[in-house]
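Participant: Just so it is clear, I am handing over model11.txt, which has compact mmCIF, C-alpha atoms.
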```
# COMPACT_ATOMS: atom_id res chain seq x y z
CA MET Y 1 107.90 16.84 175.63
CA LYS Y 2 107.71 13.13 174.89
CA ARG Y 3 103.93 13.28 174.81
CA ARG Y 4 104.03 16.21 172.38
CA LEU Y 5 106.36 14.31 169.98
CA ILE Y 6 104.04 11.29 170.02
CA LEU Y 7 101.06 13.53 169.27
CA ILE Y 8 102.90 15.22 166.38
CA PHE Y 9 103.92 11.80 165.04
CA LEU Y 10 100.32 10.55 165.18
CA VAL Y 11 98.99 13.67 163.48
CA MET Y 12 101.48 13.13 160.64
CA LEU Y 13 100.79 9.39 160.45
CA ILE Y 14 96.99 9.68 159.95
CA PRO Y 15 97.14 11.51 156.55
CA ILE Y 16 99.86 9.15 155.32
CA GLY Y 17 97.79 6.11 156.32
CA ALA Y 18 94.67 7.56 154.67
CA PHE Y 19 96.61 8.25 151.46
CA LEU Y 20 98.03 4.70 151.35
CA PHE Y 21 94.59 3.18 151.99
CA MET Y 22 92.98 5.23 149.21
CA ALA Y 23 95.81 4.39 146.79
CA HIS Y 24 95.30 0.67 147.49
CA GLN Y 25 91.53 0.96 146.96
CA ALA Y 26 92.04 2.78 143.65
CA SER Y 27 94.46 0.12 142.41
CA ALA Y 28 92.14 -2.79 143.26
CA ALA Y 29 90.02 -3.21 140.13
CA THR Y 30 86.65 -4.94 140.09
CA ALA Y 31 86.78 -8.44 138.63
CA LYS Y 32 85.09 -8.88 135.24
CA LEU Y 33 83.61 -11.99 133.67
CA GLY Y 34 82.53 -12.48 130.08
CA CYS Y 35 83.00 -14.20 126.74
CA ASN Y 36 86.23 -13.87 124.82
CA PRO Y 37 85.78 -12.90 122.03
CA LEU Y 38 82.33 -11.33 122.22
CA ASP Y 39 81.44 -12.34 118.61
CA LEU Y 40 82.15 -15.57 116.73
CA THR Y 41 81.34 -16.62 113.17
CA VAL Y 42 81.05 -20.39 112.66
CA LYS Y 43 80.04 -22.76 109.88
CA THR Y 44 76.68 -24.54 110.06
CA GLY Y 45 77.17 -28.02 111.54
CA GLN Y 46 80.46 -27.11 113.23
CA THR Y 47 81.22 -27.89 116.88
CA PHE Y 48 82.97 -24.96 118.53
CA TYR Y 49 83.52 -23.46 121.96
CA ILE Y 50 82.93 -20.12 123.63
CA THR Y 51 85.61 -19.16 126.14
CA VAL Y 52 84.45 -17.67 129.45
CA ALA Y 53 87.22 -15.50 130.87
CA VAL Y 54 87.85 -13.41 133.97
CA THR Y 55 90.05 -10.38 134.54
CA ASP Y 56 91.37 -8.71 137.70
CA THR Y 57 90.47 -11.56 140.05
CA THR Y 58 91.91 -11.85 143.54
CA ASP Y 59 91.98 -15.19 145.39
CA LEU Y 60 89.56 -16.86 142.93
CA TYR Y 61 88.90 -20.40 144.17
CA ALA Y 62 85.66 -21.51 142.47
CA TRP Y 63 82.97 -20.44 140.02
CA GLN Y 64 79.40 -21.34 139.06
CA MET Y 65 77.30 -20.27 136.08
CA ASP Y 66 74.25 -20.94 133.93
CA ALA Y 67 73.90 -20.08 130.23
CA THR Y 68 70.85 -19.66 128.00
CA TYR Y 69 70.87 -20.16 124.22
CA TYR Y 70 68.36 -20.59 121.39
CA HIS Y 71 67.96 -24.32 120.70
CA GLN Y 72 66.85 -23.66 117.11
CA TYR Y 73 70.41 -22.54 116.34
CA LEU Y 74 72.67 -24.09 118.98
CA GLU Y 75 72.97 -27.44 120.75
CA PHE Y 76 74.93 -27.67 124.00
CA VAL Y 77 77.64 -30.37 123.78
CA ARG Y 78 79.74 -30.07 126.96
CA ILE Y 79 81.71 -27.70 129.16
CA ALA Y 80 85.46 -27.97 129.73
CA PRO Y 81 87.51 -26.22 132.43
CA GLY Y 82 89.75 -23.32 131.52
CA ASP Y 83 93.34 -23.17 132.68
CA HIS Y 84 93.10 -20.19 135.06
CA LEU Y 85 92.26 -22.10 138.26
CA ARG Y 86 94.59 -25.02 137.58
CA GLN Y 87 97.67 -23.12 136.46
CA ASP Y 88 99.60 -24.11 139.60
CA GLY Y 89 98.74 -27.81 139.28
CA ALA Y 90 95.86 -27.76 141.80
CA LEU Y 91 93.49 -30.70 141.77
CA TYR Y 92 89.91 -29.75 141.00
CA TYR Y 93 86.30 -30.86 141.07
CA LYS Y 94 83.81 -29.95 138.35
CA ALA Y 95 80.05 -30.32 138.44
CA THR Y 96 78.45 -31.48 135.21
CA PRO Y 97 75.62 -29.12 134.25
CA THR Y 98 72.11 -30.15 133.32
CA VAL Y 99 70.22 -28.84 130.30
CA VAL Y 100 66.71 -27.55 130.96
CA PRO Y 101 64.64 -27.25 127.76
CA GLY Y 102 62.36 -24.29 127.18
CA SER Y 103 59.95 -23.21 124.47
CA THR Y 104 62.52 -21.14 122.53
CA THR Y 105 65.64 -21.23 124.70
CA ASP Y 106 67.40 -24.00 126.57
CA GLU Y 107 69.43 -23.37 129.70
CA MET Y 108 72.64 -25.05 130.79
CA ARG Y 109 72.36 -24.97 134.59
CA LEU Y 110 74.77 -25.29 137.47
CA ALA Y 111 78.08 -25.65 135.73
CA ALA Y 112 80.64 -25.31 138.53
CA TYR Y 113 84.32 -25.79 139.21
CA THR Y 114 86.42 -25.59 142.36
CA ARG Y 115 90.06 -25.96 143.24
CA LEU Y 116 91.13 -28.73 145.62
CA SER Y 117 94.41 -29.49 147.43
CA LYS Y 118 95.49 -25.83 147.61
CA HIS Y 119 94.72 -23.32 150.35
CA THR Y 120 94.84 -20.22 148.19
CA GLY Y 121 93.00 -18.93 145.16
CA ILE Y 122 94.39 -17.51 141.92
CA ASP Y 123 94.87 -13.84 141.06
CA GLY Y 124 94.81 -12.20 137.66
CA ASN Y 125 93.28 -12.94 134.27
CA GLY Y 126 92.48 -16.12 132.38
CA SER Y 127 89.95 -18.57 131.01
CA ILE Y 128 87.72 -20.36 133.50
CA ALA Y 129 85.59 -22.43 131.09
CA HIS Y 130 85.02 -23.38 127.47
CA ILE Y 131 81.38 -24.06 126.54
CA TYR Y 132 81.05 -26.34 123.51
CA PHE Y 133 78.09 -25.95 121.13
CA ARG Y 134 77.10 -27.39 117.77
CA ALA Y 135 75.82 -24.88 115.20
CA LEU Y 136 72.51 -26.30 113.94
CA SER Y 137 71.15 -23.84 111.39
CA GLN Y 138 72.13 -20.63 109.67
CA ASN Y 139 71.52 -17.32 111.44
CA LEU Y 140 73.31 -14.45 109.72
CA GLY Y 141 71.93 -11.93 112.22
CA GLY Y 142 73.53 -13.89 115.04
CA THR Y 143 72.18 -15.70 118.06
CA ASN Y 144 73.08 -14.93 121.67
CA VAL Y 145 74.52 -17.09 124.39
CA THR Y 146 73.85 -15.37 127.71
CA LEU Y 147 75.71 -16.10 130.95
CA ASN Y 148 73.34 -16.09 133.94
CA ASP Y 149 73.59 -16.54 137.69
CA THR Y 150 77.36 -16.25 137.58
CA LYS Y 151 79.28 -16.52 140.82
CA LEU Y 152 82.98 -16.12 141.57
CA VAL Y 153 84.05 -17.35 145.01
CA ASP Y 154 87.24 -16.92 147.06
CA ARG Y 155 88.97 -19.49 149.28
CA ASN Y 156 86.73 -18.53 152.23
CA ALA Y 157 83.59 -19.32 150.18
CA LEU Y 158 82.75 -15.61 149.97
CA GLU Y 159 81.39 -14.25 146.70
CA ILE Y 160 83.76 -11.97 144.80
CA SER Y 161 82.27 -8.73 143.49
CA LYS Y 162 82.32 -8.64 139.68
CA SER Y 163 80.82 -7.05 136.63
CA LEU Y 164 79.73 -8.78 133.42
CA ALA Y 165 81.33 -7.76 130.15
CA ASN Y 166 78.66 -6.99 127.52
CA SER Y 167 75.98 -7.90 130.12
CA GLY Y 168 77.04 -11.54 129.83
CA HIS Y 169 76.08 -11.81 126.14
CA CYS Y 170 78.16 -13.28 123.36
CA LYS Y 171 76.99 -13.44 119.78
CA VAL Y 172 77.36 -16.40 117.42
CA ILE Y 173 76.84 -15.84 113.69
CA ILE Y 174 76.13 -19.11 111.88
CA SER Y 175 76.61 -19.31 108.12
CA THR Y 176 76.65 -22.17 105.63
CA SER Y 177 79.23 -20.28 103.56
CA ALA Y 178 81.58 -19.38 106.43
CA PRO Y 179 84.91 -21.18 106.68
CA GLU Y 180 85.22 -23.50 109.69
CA LEU Y 181 86.36 -21.57 112.76
CA GLU Y 182 89.78 -22.84 113.80
CA GLN Y 183 90.25 -23.10 117.55
CA TYR Y 184 93.02 -24.53 119.71
CA PRO Y 185 92.17 -27.76 121.54
CA VAL Y 186 91.20 -27.01 125.14
CA GLY Y 187 89.83 -28.89 128.11
CA GLU Y 188 91.08 -31.67 130.33
CA LEU Y 189 94.78 -32.33 130.68
CA ILE Y 190 95.67 -35.84 129.54
CA PHE Y 191 98.92 -37.41 130.67
CA LEU Y 192 100.11 -40.20 128.40
CA PRO Y 193 102.59 -42.82 129.59
CA SER Y 194 106.13 -41.94 128.53
CA ILE Y 195 106.23 -44.88 126.13
CA LEU Y 196 103.53 -43.20 124.00
CA ARG Y 197 105.23 -39.81 123.85
```
Could you render the structure from this file as structure tokens?
Facilitator:
Amino acid sequence: MKRRLILIFLVMLIPIGAFLFMAHQASAATAKLGCNPLDLTVKTGQTFYITVAVTDTTDLYAWQMDATYYHQYLEFVRIAPGDHLRQDGALYYKATPTVVPGSTTDEMRLAAYTRLSKHTGIDGNGSIAHIYFRALSQNLGGTNVTLNDTKLVDRNALEISKSLANSGHCKVIISTSAPELEQYPVGELIFLPSILR
């Protein structure tokens, strides 16, 4: 009798377990990475940034990326970290990218950022980087910045599966008659002594 009850219990438990497993798999969305917004309009000569954002991340601990752009229209200035990976006050290390010139496009290579001093990654949505460019000459049809070789990594140094929004492209329209694009200051956190506050 006891054996029969255990068998009935197990037979009932298997479908419940399968249902719960499938419900968890359906709720776990694939992480996405891309520019936010996808299109910007800037004034010729202006320095501006493109925000690289992620959505639906789980245990995100580090990232790496390259970006290509047309050097006739854009000049790479610098890259600044977003706030997503440092929202809990974690220390971090960032690798300064190098610029590799090409015949029509330049490539910013090996920009990278990792958390330090924490044993867990970050879940959710947020900005991971802000890429600063200077708009050199007018292009009313727009010029692309394309994110390449993008990697998202968890705390165990395993790559996180992701998809690229808009295939990693963001479009910058440059116009001499456009008003200057207003953007919030972003980048490094600076702590001033209390006497200066």
Participant: Any idea what's packed within 7 Å of Y:Thr41, counting only C-alpha atoms, ignoring anything in its chain fewer than 5 positions away? Could you give it as a list in words?
Facilitator: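 Skipping anything fewer than 5 positions along the chain leaves Val172, Ile173 and Ile174 of chain Y.
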Participant: For Y:Pro101, find every residue with an atom within 12 Å (counting all atoms listed in the file), except residues of its own chain fewer than 4 positions away, and show them as a PyMOL selection string.
Facilitator: chain Y and resi 67-72+75-76+105-109
Participant: For the residues selected in the previous step, produce a file with C-alpha atoms as an mmCIF file, in the frame of the given file.
Facilitator:
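Written file, again.cif:
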```cif
data_model
loop_
_atom_site.group_PDB
_atom_site.id
_atom_site.type_symbol
_atom_site.label_atom_id
_atom_site.label_comp_id
_atom_site.auth_asym_id
_atom_site.auth_seq_id
_atom_site.Cartn_x
_atom_site.Cartn_y
_atom_site.Cartn_z
ATOM 1 C CA ALA Y 67 73.900 -20.080 130.230
ATOM 2 C CA THR Y 68 70.850 -19.660 128.000
ATOM 3 C CA TYR Y 69 70.870 -20.160 124.220
ATOM 4 C CA TYR Y 70 68.360 -20.590 121.390
ATOM 5 C CA HIS Y 71 67.960 -24.320 120.700
ATOM 6 C CA GLN Y 72 66.850 -23.660 117.110
ATOM 7 C CA GLU Y 75 72.970 -27.440 120.750
ATOM 8 C CA PHE Y 76 74.930 -27.670 124.000
ATOM 9 C CA THR Y 105 65.640 -21.230 124.700
ATOM 10 C CA ASP Y 106 67.400 -24.000 126.570
ATOM 11 C CA GLU Y 107 69.430 -23.370 129.700
ATOM 12 C CA MET Y 108 72.640 -25.050 130.790
ATOM 13 C CA ARG Y 109 72.360 -24.970 134.590
#
```
Participant: Hey, what's within 7 Å of stretch 124-126 of chain Y if we count all atoms listed in the file and toss same-chain stuff fewer than 6 positions away? As a PyMOL selection string, please?
Facilitator: chain Y and resi 53-58+84
Participant: My list of candidates is Y:Ala80, Y:Thr114, Y:Leu158, Y:Lys171. Which is closest to Y:Tyr93 when distances are computed with only C-alpha atoms?
Facilitator: Y:Thr114
Participant: Would you mind telling me which residue in Y:Lys162, Y:Lys151, Y:Lys43, Y:Arg86 lies nearest to Y:Gly121 when using all atoms listed in the file?
Facilitator: Y:Arg86
Participant: With distances taken over all atoms listed in the file, which residue among Y:Tyr73, Y:Tyr61, Y:Tyr132, Y:Tyr113 lies nearest Y:Pro185?
Facilitator: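 That would be Y:Tyr132, the residue with the smallest distance to Y:Pro185.
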Participant: Which residue out of Y:Leu181, Y:Ala165, Y:Val42, Y:Gly82 has the minimum interatomic distance to Y:Asn139 when only C-alpha atoms are used?
Facilitator: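 Closest to Y:Asn139 of all the choices is Y:Val42.
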Participant: In Å to one decimal, how far is atom CA of Y:Ile79 from atom CA of Y:Lys118?
Facilitator: 23.1 Å
Participant: Enter the distance from atom CA of Y:Asp154 to atom CA of Y:Thr30, in Å, rounded to one decimal.
Facilitator: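 So the answer is 13.9 Å.
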Participant: For atom CA of Y:Val100 and atom CA of Y:Asn148, determine how far apart the two atoms are, in Å to one decimal place.
Facilitator: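 These atoms are spaced 13.6 Å apart.
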Participant: Which of these, Y:Val99, Y:Leu33, Y:Ala111, Y:Ile122, has the shortest distance to Y:Arg155 once you count all atoms listed in the file?
Facilitator: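 Using all atoms listed in the file, the shortest distance to Y:Arg155 belongs to Y:Ile122.
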Participant: Which one is closest to Y:Asp88: Y:Asp39, Y:Asp123, Y:Glu180, Y:Asp66? Count all atoms listed in the file.
Facilitator: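 Between Y:Asp39, Y:Asp123, Y:Glu180, Y:Asp66, the residue approaching Y:Asp88 most closely is Y:Asp123.
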Participant: May I have the protein, DNA and RNA residues with an atom at most 12 Å from (86.0, -20.3, 128.1), counting all atoms listed in the file in the file's coordinates, returned as a count of residues only?
Facilitator: 36
Participant: Which polymer residues, whether protein, DNA or RNA, lie within 8 Å of the coordinate (75.9, -26.3, 111.3) when you count all atoms listed in the file? List them as a list in words, using the chain letters and numbers from the file.
Facilitator: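 The residues near that point, listed by chain and number, are Val42, Lys43, Thr44, Gly45, Gln46, Thr47, Arg134, Ala135, Leu136, Ser137, Gln138, Ile174, Ser175 and Thr176 of chain Y.
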Participant: Using C-alpha atoms, can you write the selected residues to a file as a PDB file, keeping the file's coordinate frame?
Facilitator:
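The resulting file, out-v4.pdb, is shown below:
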```pdb
ATOM      1  CA  VAL Y  42      81.050 -20.390 112.660  1.00  0.00           C
ATOM      2  CA  LYS Y  43      80.040 -22.760 109.880  1.00  0.00           C
ATOM      3  CA  THR Y  44      76.680 -24.540 110.060  1.00  0.00           C
ATOM      4  CA  GLY Y  45      77.170 -28.020 111.540  1.00  0.00           C
ATOM      5  CA  GLN Y  46      80.460 -27.110 113.230  1.00  0.00           C
ATOM      6  CA  THR Y  47      81.220 -27.890 116.880  1.00  0.00           C
ATOM      7  CA  ARG Y 134      77.100 -27.390 117.770  1.00  0.00           C
ATOM      8  CA  ALA Y 135      75.820 -24.880 115.200  1.00  0.00           C
ATOM      9  CA  LEU Y 136      72.510 -26.300 113.940  1.00  0.00           C
ATOM     10  CA  SER Y 137      71.150 -23.840 111.390  1.00  0.00           C
ATOM     11  CA  GLN Y 138      72.130 -20.630 109.670  1.00  0.00           C
ATOM     12  CA  ILE Y 174      76.130 -19.110 111.880  1.00  0.00           C
ATOM     13  CA  SER Y 175      76.610 -19.310 108.120  1.00  0.00           C
ATOM     14  CA  THR Y 176      76.650 -22.170 105.630  1.00  0.00           C
TER      15      THR Y 176
END
```
Participant: Have stretch 114-129 of chain Y completed to N, CA and C atoms, please, and pass it along as a PDB file, in the frame of the given file.
Facilitator:
```pdb
ATOM      1  N   THR Y 114      85.702 -26.061 141.181  1.00  0.00           N
ATOM      2  CA  THR Y 114      86.420 -25.590 142.360  1.00  0.00           C
ATOM      3  C   THR Y 114      87.804 -26.204 142.426  1.00  0.00           C
ATOM      4  N   ARG Y 115      88.717 -25.452 142.992  1.00  0.00           N
ATOM      5  CA  ARG Y 115      90.060 -25.960 143.240  1.00  0.00           C
ATOM      6  C   ARG Y 115      90.014 -26.902 144.447  1.00  0.00           C
ATOM      7  N   LEU Y 116      90.928 -27.852 144.475  1.00  0.00           N
ATOM      8  CA  LEU Y 116      91.130 -28.730 145.620  1.00  0.00           C
ATOM      9  C   LEU Y 116      92.627 -28.774 145.898  1.00  0.00           C
ATOM     10  N   SER Y 117      93.017 -29.215 147.045  1.00  0.00           N
ATOM     11  CA  SER Y 117      94.410 -29.490 147.430  1.00  0.00           C
ATOM     12  C   SER Y 117      95.281 -28.248 147.562  1.00  0.00           C
ATOM     13  N   LYS Y 118      94.736 -27.070 147.402  1.00  0.00           N
ATOM     14  CA  LYS Y 118      95.490 -25.830 147.610  1.00  0.00           C
ATOM     15  C   LYS Y 118      94.692 -24.950 148.565  1.00  0.00           C
ATOM     16  N   HIS Y 119      95.399 -24.162 149.357  1.00  0.00           N
ATOM     17  CA  HIS Y 119      94.720 -23.320 150.350  1.00  0.00           C
ATOM     18  C   HIS Y 119      94.548 -21.880 149.904  1.00  0.00           C
ATOM     19  N   THR Y 120      94.976 -21.580 148.688  1.00  0.00           N
ATOM     20  CA  THR Y 120      94.840 -20.220 148.190  1.00  0.00           C
ATOM     21  C   THR Y 120      94.156 -20.241 146.835  1.00  0.00           C
ATOM     22  N   GLY Y 121      93.598 -19.094 146.472  1.00  0.00           N
ATOM     23  CA  GLY Y 121      93.000 -18.930 145.160  1.00  0.00           C
ATOM     24  C   GLY Y 121      94.013 -18.383 144.173  1.00  0.00           C
ATOM     25  N   ILE Y 122      93.537 -18.011 143.006  1.00  0.00           N
ATOM     26  CA  ILE Y 122      94.390 -17.510 141.920  1.00  0.00           C
ATOM     27  C   ILE Y 122      94.035 -16.048 141.642  1.00  0.00           C
ATOM     28  N   ASP Y 123      95.051 -15.243 141.422  1.00  0.00           N
ATOM     29  CA  ASP Y 123      94.870 -13.840 141.060  1.00  0.00           C
ATOM     30  C   ASP Y 123      95.054 -13.667 139.558  1.00  0.00           C
ATOM     31  N   GLY Y 124      94.508 -12.580 139.032  1.00  0.00           N
ATOM     32  CA  GLY Y 124      94.810 -12.200 137.660  1.00  0.00           C
ATOM     33  C   GLY Y 124      93.727 -12.491 136.651  1.00  0.00           C
ATOM     34  N   ASN Y 125      94.178 -12.783 135.413  1.00  0.00           N
ATOM     35  CA  ASN Y 125      93.280 -12.940 134.270  1.00  0.00           C
ATOM     36  C   ASN Y 125      93.448 -14.329 133.683  1.00  0.00           C
ATOM     37  N   GLY Y 126      92.366 -14.851 133.075  1.00  0.00           N
ATOM     38  CA  GLY Y 126      92.480 -16.120 132.380  1.00  0.00           C
ATOM     39  C   GLY Y 126      91.137 -16.726 132.046  1.00  0.00           C
ATOM     40  N   SER Y 127      91.186 -17.877 131.380  1.00  0.00           N
ATOM     41  CA  SER Y 127      89.950 -18.570 131.010  1.00  0.00           C
ATOM     42  C   SER Y 127      89.519 -19.481 132.147  1.00  0.00           C
ATOM     43  N   ILE Y 128      88.225 -19.483 132.450  1.00  0.00           N
ATOM     44  CA  ILE Y 128      87.720 -20.360 133.500  1.00  0.00           C
ATOM     45  C   ILE Y 128      86.893 -21.509 132.923  1.00  0.00           C
ATOM     46  N   ALA Y 129      86.393 -21.361 131.696  1.00  0.00           N
ATOM     47  CA  ALA Y 129      85.590 -22.430 131.090  1.00  0.00           C
ATOM     48  C   ALA Y 129      85.532 -22.263 129.589  1.00  0.00           C
TER      49      ALA Y 129
END
```
